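Chemist: Could you have a look at this structure, given as structure tokens, before my questions?
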Amino acid sequence: MRAVLLSETGGPEILRVEDVARPDPGDGEVLIRVRAASINPIDWKHRRGLSPKDLPAVLGSDISGTVEQSRADGFVEGEDVFGFAPRGGYAEFATTPTPAIAKKPAGMTHEQAAAIPVSGLTAWQARFDRGGLQRGQTLLVAGAAGGVGHLAVQLGKHAGARVIGTGSARNREFVLGLGADEFVDYTSQDVSETVSDVDLAFDTVGGETTMTLLPTVREGGALVVIAGAPPEAQAAERGVRAELLIMSVSSEQLAKIAELVASGEVRVEIAGTFSLSQVATAHELSEAGHTRGKLILTP
Ligand SMILES: NC(=O)c1ccc[n+]([C@@H]2O[C@H](COP(=O)([O-])OP(=O)(O)OC[C@H]3O[C@@H](n4cnc5c(N)ncnc54)[C@H](OP(=O)(O)O)[C@@H]3O)[C@@H](O)[C@H]2O)c1
């Protein structure tokens, strides 16, 4: 099969499509013919060697496709599924244990489904599992136009919260169009002076942004970060809980998010669709850090 095999670390130019052996599903696993795979920043962090990964390895994890062979209960050949492929997703075929996948509803395309796993679960878990967001509370999403952020804004609205999103000016209409009640342009406004008393700040940006969010959180509120270390000591001084969220795989949560997408309550923004041989271009875009929604590969 054709796959993007990472054998060394480096820039996007090292990415090549190669012929590799088609994987065999083990007990409790399915073999999936991949129709779409999505790109997450962790993929280029693996390529750069910024996040450790045993090489050689097929890149990627988020896929949607059709079961080609099943060695697991509850999944049969020909069914459309989506989720995580722990041994790589930028490929024509992928194997995965079934607790890492869910059935794809008919009302959702493979491209939309492939966009969900990492971004959707992270947004879901920040909102409920870590953030404990309640109806009527206020959620601030930093990076509201990105893969995780655009879903977090919509899941926050779906939970009945007031949502404030940050991004650059070109994303104002996009973020407000997702349902956000307010938008803060980080290139011209200081969020720490513009926003206050939020119940939950969700930081998908990291770096210097994290500390600018802390003053926006009310005493007793929470700051959940996913792209760097949480400022635990400074948060504690203000009576704020600061936590790092590491997303975990949940077939049940995948299915719940898929229902919202299939019913049109949550929309998945596709920034661009690329063939496997265009993977370097897609990685360049992801690494530039200004993707609106998700980048998709169609093997
Ligand atoms: N811990 C975990 O389990 C976990 C899970 C998922 C992702 N992550 C990490 O979380 C980060 C975000 O992931 P992602 O997939 O959402 O990335 P992404 O799609 O590449 O995010 C791009 C977005 O970030 C926005 N952005 C960049 N700088 C900003 C700033 N200073 N303020 C506000 N918005 C800004 C951009 O908007 P503009 O173009 O308007 O600037 C763009 O829309 C990555 O570092 C990823 O590795 C961690």
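Ordering of the structure tokens sets the chain letters (A, B, ...), residue numbers begin anew at 1 in every chain, and ligands are numbered from 1 in the order given.
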So that I can check the surroundings of Trp44 of chain A, please list as a list of chain:residue names every protein, DNA and RNA residue that reaches within 12 Å of it, counting only C-alpha atoms and ignoring chain neighbours fewer than 4 positions away.

Modeler: A:Leu6, A:Thr9, A:Gly10, A:Gly11, A:Pro12, A:Glu13, A:Ile14, A:Leu15, A:Ile39, A:Asn40, A:Arg48, A:Gly49, A:Leu50, A:Ser51, A:Pro52, A:Lys53, A:Leu59, A:Gly60, A:Val279, A:Ala280, A:Thr281, A:Ala282, A:His283, A:Glu284, A:Leu285, A:Ser286, A:Glu287, A:Ala288, A:Gly289

Chemist: Go ahead and save the picked residues with N, CA, C and O atoms, as an mmCIF file, in the first residue's frame.

Modeler:
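What ended up in selection_21.cif:
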```cif
data_model
loop_
_atom_site.group_PDB
_atom_site.id
_atom_site.type_symbol
_atom_site.label_atom_id
_atom_site.label_comp_id
_atom_site.auth_asym_id
_atom_site.auth_seq_id
_atom_site.Cartn_x
_atom_site.Cartn_y
_atom_site.Cartn_z
ATOM 1 N N LEU A 6 7.636 8.009 7.908
ATOM 2 C CA LEU A 6 8.642 8.906 8.480
ATOM 3 C C LEU A 6 9.822 8.052 8.952
ATOM 4 O O LEU A 6 9.673 7.213 9.837
ATOM 5 N N THR A 9 13.864 12.700 11.071
ATOM 6 C CA THR A 9 13.168 13.939 11.422
ATOM 7 C C THR A 9 13.679 15.077 10.540
ATOM 8 O O THR A 9 14.787 15.016 10.015
ATOM 9 N N GLY A 10 12.840 16.112 10.354
ATOM 10 C CA GLY A 10 13.250 17.243 9.521
ATOM 11 C C GLY A 10 12.067 18.070 9.059
ATOM 12 O O GLY A 10 10.976 18.007 9.634
ATOM 13 N N GLY A 11 12.304 18.862 8.002
ATOM 14 C CA GLY A 11 11.274 19.749 7.460
ATOM 15 C C GLY A 11 10.264 18.988 6.608
ATOM 16 O O GLY A 11 10.413 17.784 6.382
ATOM 17 N N PRO A 12 9.258 19.708 6.098
ATOM 18 C CA PRO A 12 8.212 19.051 5.302
ATOM 19 C C PRO A 12 8.767 18.314 4.084
ATOM 20 O O PRO A 12 8.177 17.329 3.629
ATOM 21 N N GLU A 13 9.913 18.798 3.557
ATOM 22 C CA GLU A 13 10.458 18.210 2.328
ATOM 23 C C GLU A 13 10.891 16.754 2.490
ATOM 24 O O GLU A 13 11.049 16.043 1.500
ATOM 25 N N ILE A 14 11.036 16.288 3.733
ATOM 26 C CA ILE A 14 11.458 14.877 3.897
ATOM 27 C C ILE A 14 10.276 13.920 3.743
ATOM 28 O O ILE A 14 10.466 12.713 3.675
ATOM 29 N N LEU A 15 9.062 14.484 3.676
ATOM 30 C CA LEU A 15 7.889 13.607 3.597
ATOM 31 C C LEU A 15 7.751 13.014 2.199
ATOM 32 O O LEU A 15 7.718 13.746 1.214
ATOM 33 N N ILE A 39 -4.852 16.059 9.546
ATOM 34 C CA ILE A 39 -3.537 16.456 10.047
ATOM 35 C C ILE A 39 -3.726 17.156 11.385
ATOM 36 O O ILE A 39 -4.611 18.001 11.541
ATOM 37 N N ASN A 40 -2.909 16.775 12.346
ATOM 38 C CA ASN A 40 -2.873 17.457 13.642
ATOM 39 C C ASN A 40 -1.471 18.001 13.853
ATOM 40 O O ASN A 40 -0.497 17.416 13.352
ATOM 41 N N ARG A 48 9.311 16.896 13.127
ATOM 42 C CA ARG A 48 10.422 17.764 13.542
ATOM 43 C C ARG A 48 11.267 17.137 14.647
ATOM 44 O O ARG A 48 12.319 17.655 14.996
ATOM 45 N N GLY A 49 10.761 16.049 15.260
ATOM 46 C CA GLY A 49 11.473 15.460 16.394
ATOM 47 C C GLY A 49 11.212 16.219 17.689
ATOM 48 O O GLY A 49 11.919 16.038 18.677
ATOM 49 N N LEU A 50 10.169 17.086 17.698
ATOM 50 C CA LEU A 50 9.846 17.865 18.897
ATOM 51 C C LEU A 50 9.034 17.030 19.884
ATOM 52 O O LEU A 50 8.936 17.356 21.054
ATOM 53 N N SER A 51 8.420 15.976 19.371
ATOM 54 C CA SER A 51 7.668 15.055 20.216
ATOM 55 C C SER A 51 8.160 13.654 19.842
ATOM 56 O O SER A 51 8.179 13.303 18.659
ATOM 57 N N PRO A 52 8.602 12.869 20.822
ATOM 58 C CA PRO A 52 9.267 11.607 20.486
ATOM 59 C C PRO A 52 8.343 10.582 19.822
ATOM 60 O O PRO A 52 7.161 10.503 20.149
ATOM 61 N N LYS A 53 8.904 9.859 18.866
ATOM 62 C CA LYS A 53 8.169 8.785 18.182
ATOM 63 C C LYS A 53 9.201 7.770 17.684
ATOM 64 O O LYS A 53 10.257 8.159 17.179
ATOM 65 N N LEU A 59 3.036 8.223 9.520
ATOM 66 C CA LEU A 59 2.564 9.398 10.260
ATOM 67 C C LEU A 59 1.034 9.403 10.390
ATOM 68 O O LEU A 59 0.349 8.728 9.637
ATOM 69 N N GLY A 60 0.558 10.232 11.306
ATOM 70 C CA GLY A 60 -0.878 10.489 11.399
ATOM 71 C C GLY A 60 -1.609 9.512 12.303
ATOM 72 O O GLY A 60 -1.087 8.443 12.649
ATOM 73 N N VAL A 279 1.329 15.830 0.750
ATOM 74 C CA VAL A 279 1.411 15.895 2.214
ATOM 75 C C VAL A 279 2.369 16.996 2.699
ATOM 76 O O VAL A 279 2.117 17.640 3.720
ATOM 77 N N ALA A 280 3.456 17.246 1.957
ATOM 78 C CA ALA A 280 4.424 18.261 2.409
ATOM 79 C C ALA A 280 3.775 19.643 2.430
ATOM 80 O O ALA A 280 3.986 20.434 3.362
ATOM 81 N N THR A 281 2.962 19.941 1.418
ATOM 82 C CA THR A 281 2.260 21.230 1.371
ATOM 83 C C THR A 281 1.305 21.364 2.548
ATOM 84 O O THR A 281 1.230 22.403 3.210
ATOM 85 N N ALA A 282 0.579 20.289 2.831
ATOM 86 C CA ALA A 282 -0.377 20.316 3.949
ATOM 87 C C ALA A 282 0.365 20.511 5.272
ATOM 88 O O ALA A 282 -0.091 21.256 6.148
ATOM 89 N N HIS A 283 1.517 19.880 5.420
ATOM 90 C CA HIS A 283 2.306 20.047 6.658
ATOM 91 C C HIS A 283 2.843 21.468 6.796
ATOM 92 O O HIS A 283 2.885 22.011 7.901
ATOM 93 N N GLU A 284 3.265 22.050 5.672
ATOM 94 C CA GLU A 284 3.752 23.448 5.728
ATOM 95 C C GLU A 284 2.646 24.354 6.261
ATOM 96 O O GLU A 284 2.885 25.221 7.096
ATOM 97 N N LEU A 285 1.438 24.139 5.755
ATOM 98 C CA LEU A 285 0.306 24.972 6.196
ATOM 99 C C LEU A 285 0.027 24.757 7.682
ATOM 100 O O LEU A 285 -0.157 25.713 8.434
ATOM 101 N N SER A 286 0.012 23.509 8.115
ATOM 102 C CA SER A 286 -0.273 23.234 9.528
ATOM 103 C C SER A 286 0.784 23.868 10.422
ATOM 104 O O SER A 286 0.477 24.507 11.430
ATOM 105 N N GLU A 287 2.039 23.718 10.019
ATOM 106 C CA GLU A 287 3.146 24.215 10.840
ATOM 107 C C GLU A 287 3.157 25.744 10.907
ATOM 108 O O GLU A 287 3.656 26.321 11.880
ATOM 109 N N ALA A 288 2.594 26.409 9.906
ATOM 110 C CA ALA A 288 2.546 27.878 9.920
ATOM 111 C C ALA A 288 1.645 28.381 11.051
ATOM 112 O O ALA A 288 1.740 29.541 11.465
ATOM 113 N N GLY A 289 0.746 27.517 11.559
ATOM 114 C CA GLY A 289 -0.020 27.846 12.770
ATOM 115 C C GLY A 289 -1.251 28.702 12.554
ATOM 116 O O GLY A 289 -1.788 29.251 13.512
#
```

Chemist: Can you tell me which residues sit at most 8 Å away from ligand 1, counting only C-alpha atoms and all ligand atoms, written as a PyMOL selection string?

Modeler: chain A and resi 39-42+45+118-119+122+142-150+166-171+185-187+204-206+208-209+225-228+244-248+286-294

Chemist: Select, from A:Leu223, A:Val17, A:Ile164, A:Ala115, the residue with the minimum atom-to-atom distance to Val184 of chain A, counting only C-alpha atoms.

Modeler: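 When distances to Val184 of chain A are compared using only C-alpha atoms, the smallest one comes from A:Ile164.
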
Chemist: Please run DSSP on the backbone and report, as a PyMOL selection string, all residues within segment 13-245 of chain A that come out as alpha helix (DSSP H).

Modeler: chain A and resi 41-48+110-115+117-124+147-158+172-177+191-194+209-213+232-237

Chemist: For Glu232 of chain A, which residue out of A:Pro56, A:Arg47, A:Thr210, A:Thr216 is the nearest one, using only C-alpha atoms?

Modeler: A:Thr210

Chemist: So, counting only C-alpha atoms, which residue among A:Ala201, A:Leu254, A:Val81, A:Ala102 is closest to Arg33 of chain A?

Modeler: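 Closest candidate: A:Val81.
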
Chemist: Pick the closest to Trp124 of chain A from A:Arg172, A:His158, A:Arg218, A:Lys104: which is it, counting only C-alpha atoms?

Modeler: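 Closest candidate: A:His158.
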
Chemist: Excluding Pro117 of chain A and residues on its chain fewer than 4 positions from it, collect all residues at most 10 Å away from it, counting only C-alpha atoms, and give them as a list in words.

Modeler: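 Contacts, in chain order: Ser38, Asn40, Ser61, Asp62, Ile63, Ser64, Phe82, Gly83, Phe84, Ala100, Ile101, Ala102, Ala113, Leu121, Thr122, Met247, Ser248, Val249, Ser250, Ser251, Gln253, Leu254, Ile257 and Ala258 of chain A.
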
Chemist: Check the DSSP output for the backbone and give back, as a PyMOL selection string, the residues of segment 177-254 of chain A in strand (DSSP E).

Modeler: chain A and resi 182-185+198-203+217-225+241-244

Chemist: Work out how far atom CA of Gln125 of chain A is from atom CA of Arg238 of chain A, in Å to one decimal.

Modeler: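 Computed distance, atom CA of Arg238 of chain A to atom CA of Gln125 of chain A, equals 23.8 Å.
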
Chemist: From the list A:Ile116, A:Ile32, A:Leu276, A:Val153, which residue is nearest Arg16 of chain A when using only C-alpha atoms?

Modeler: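 Checking each candidate against Arg16 of chain A, we get A:Leu276 as the closest.
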
Chemist: For Pro25 of chain A, which residue among A:Asp80, A:Glu68, A:Asp190, A:Asp43 is the nearest when counting only C-alpha atoms?

Modeler: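 Counting only C-alpha atoms, the residue closest to Pro25 of chain A is A:Glu68.
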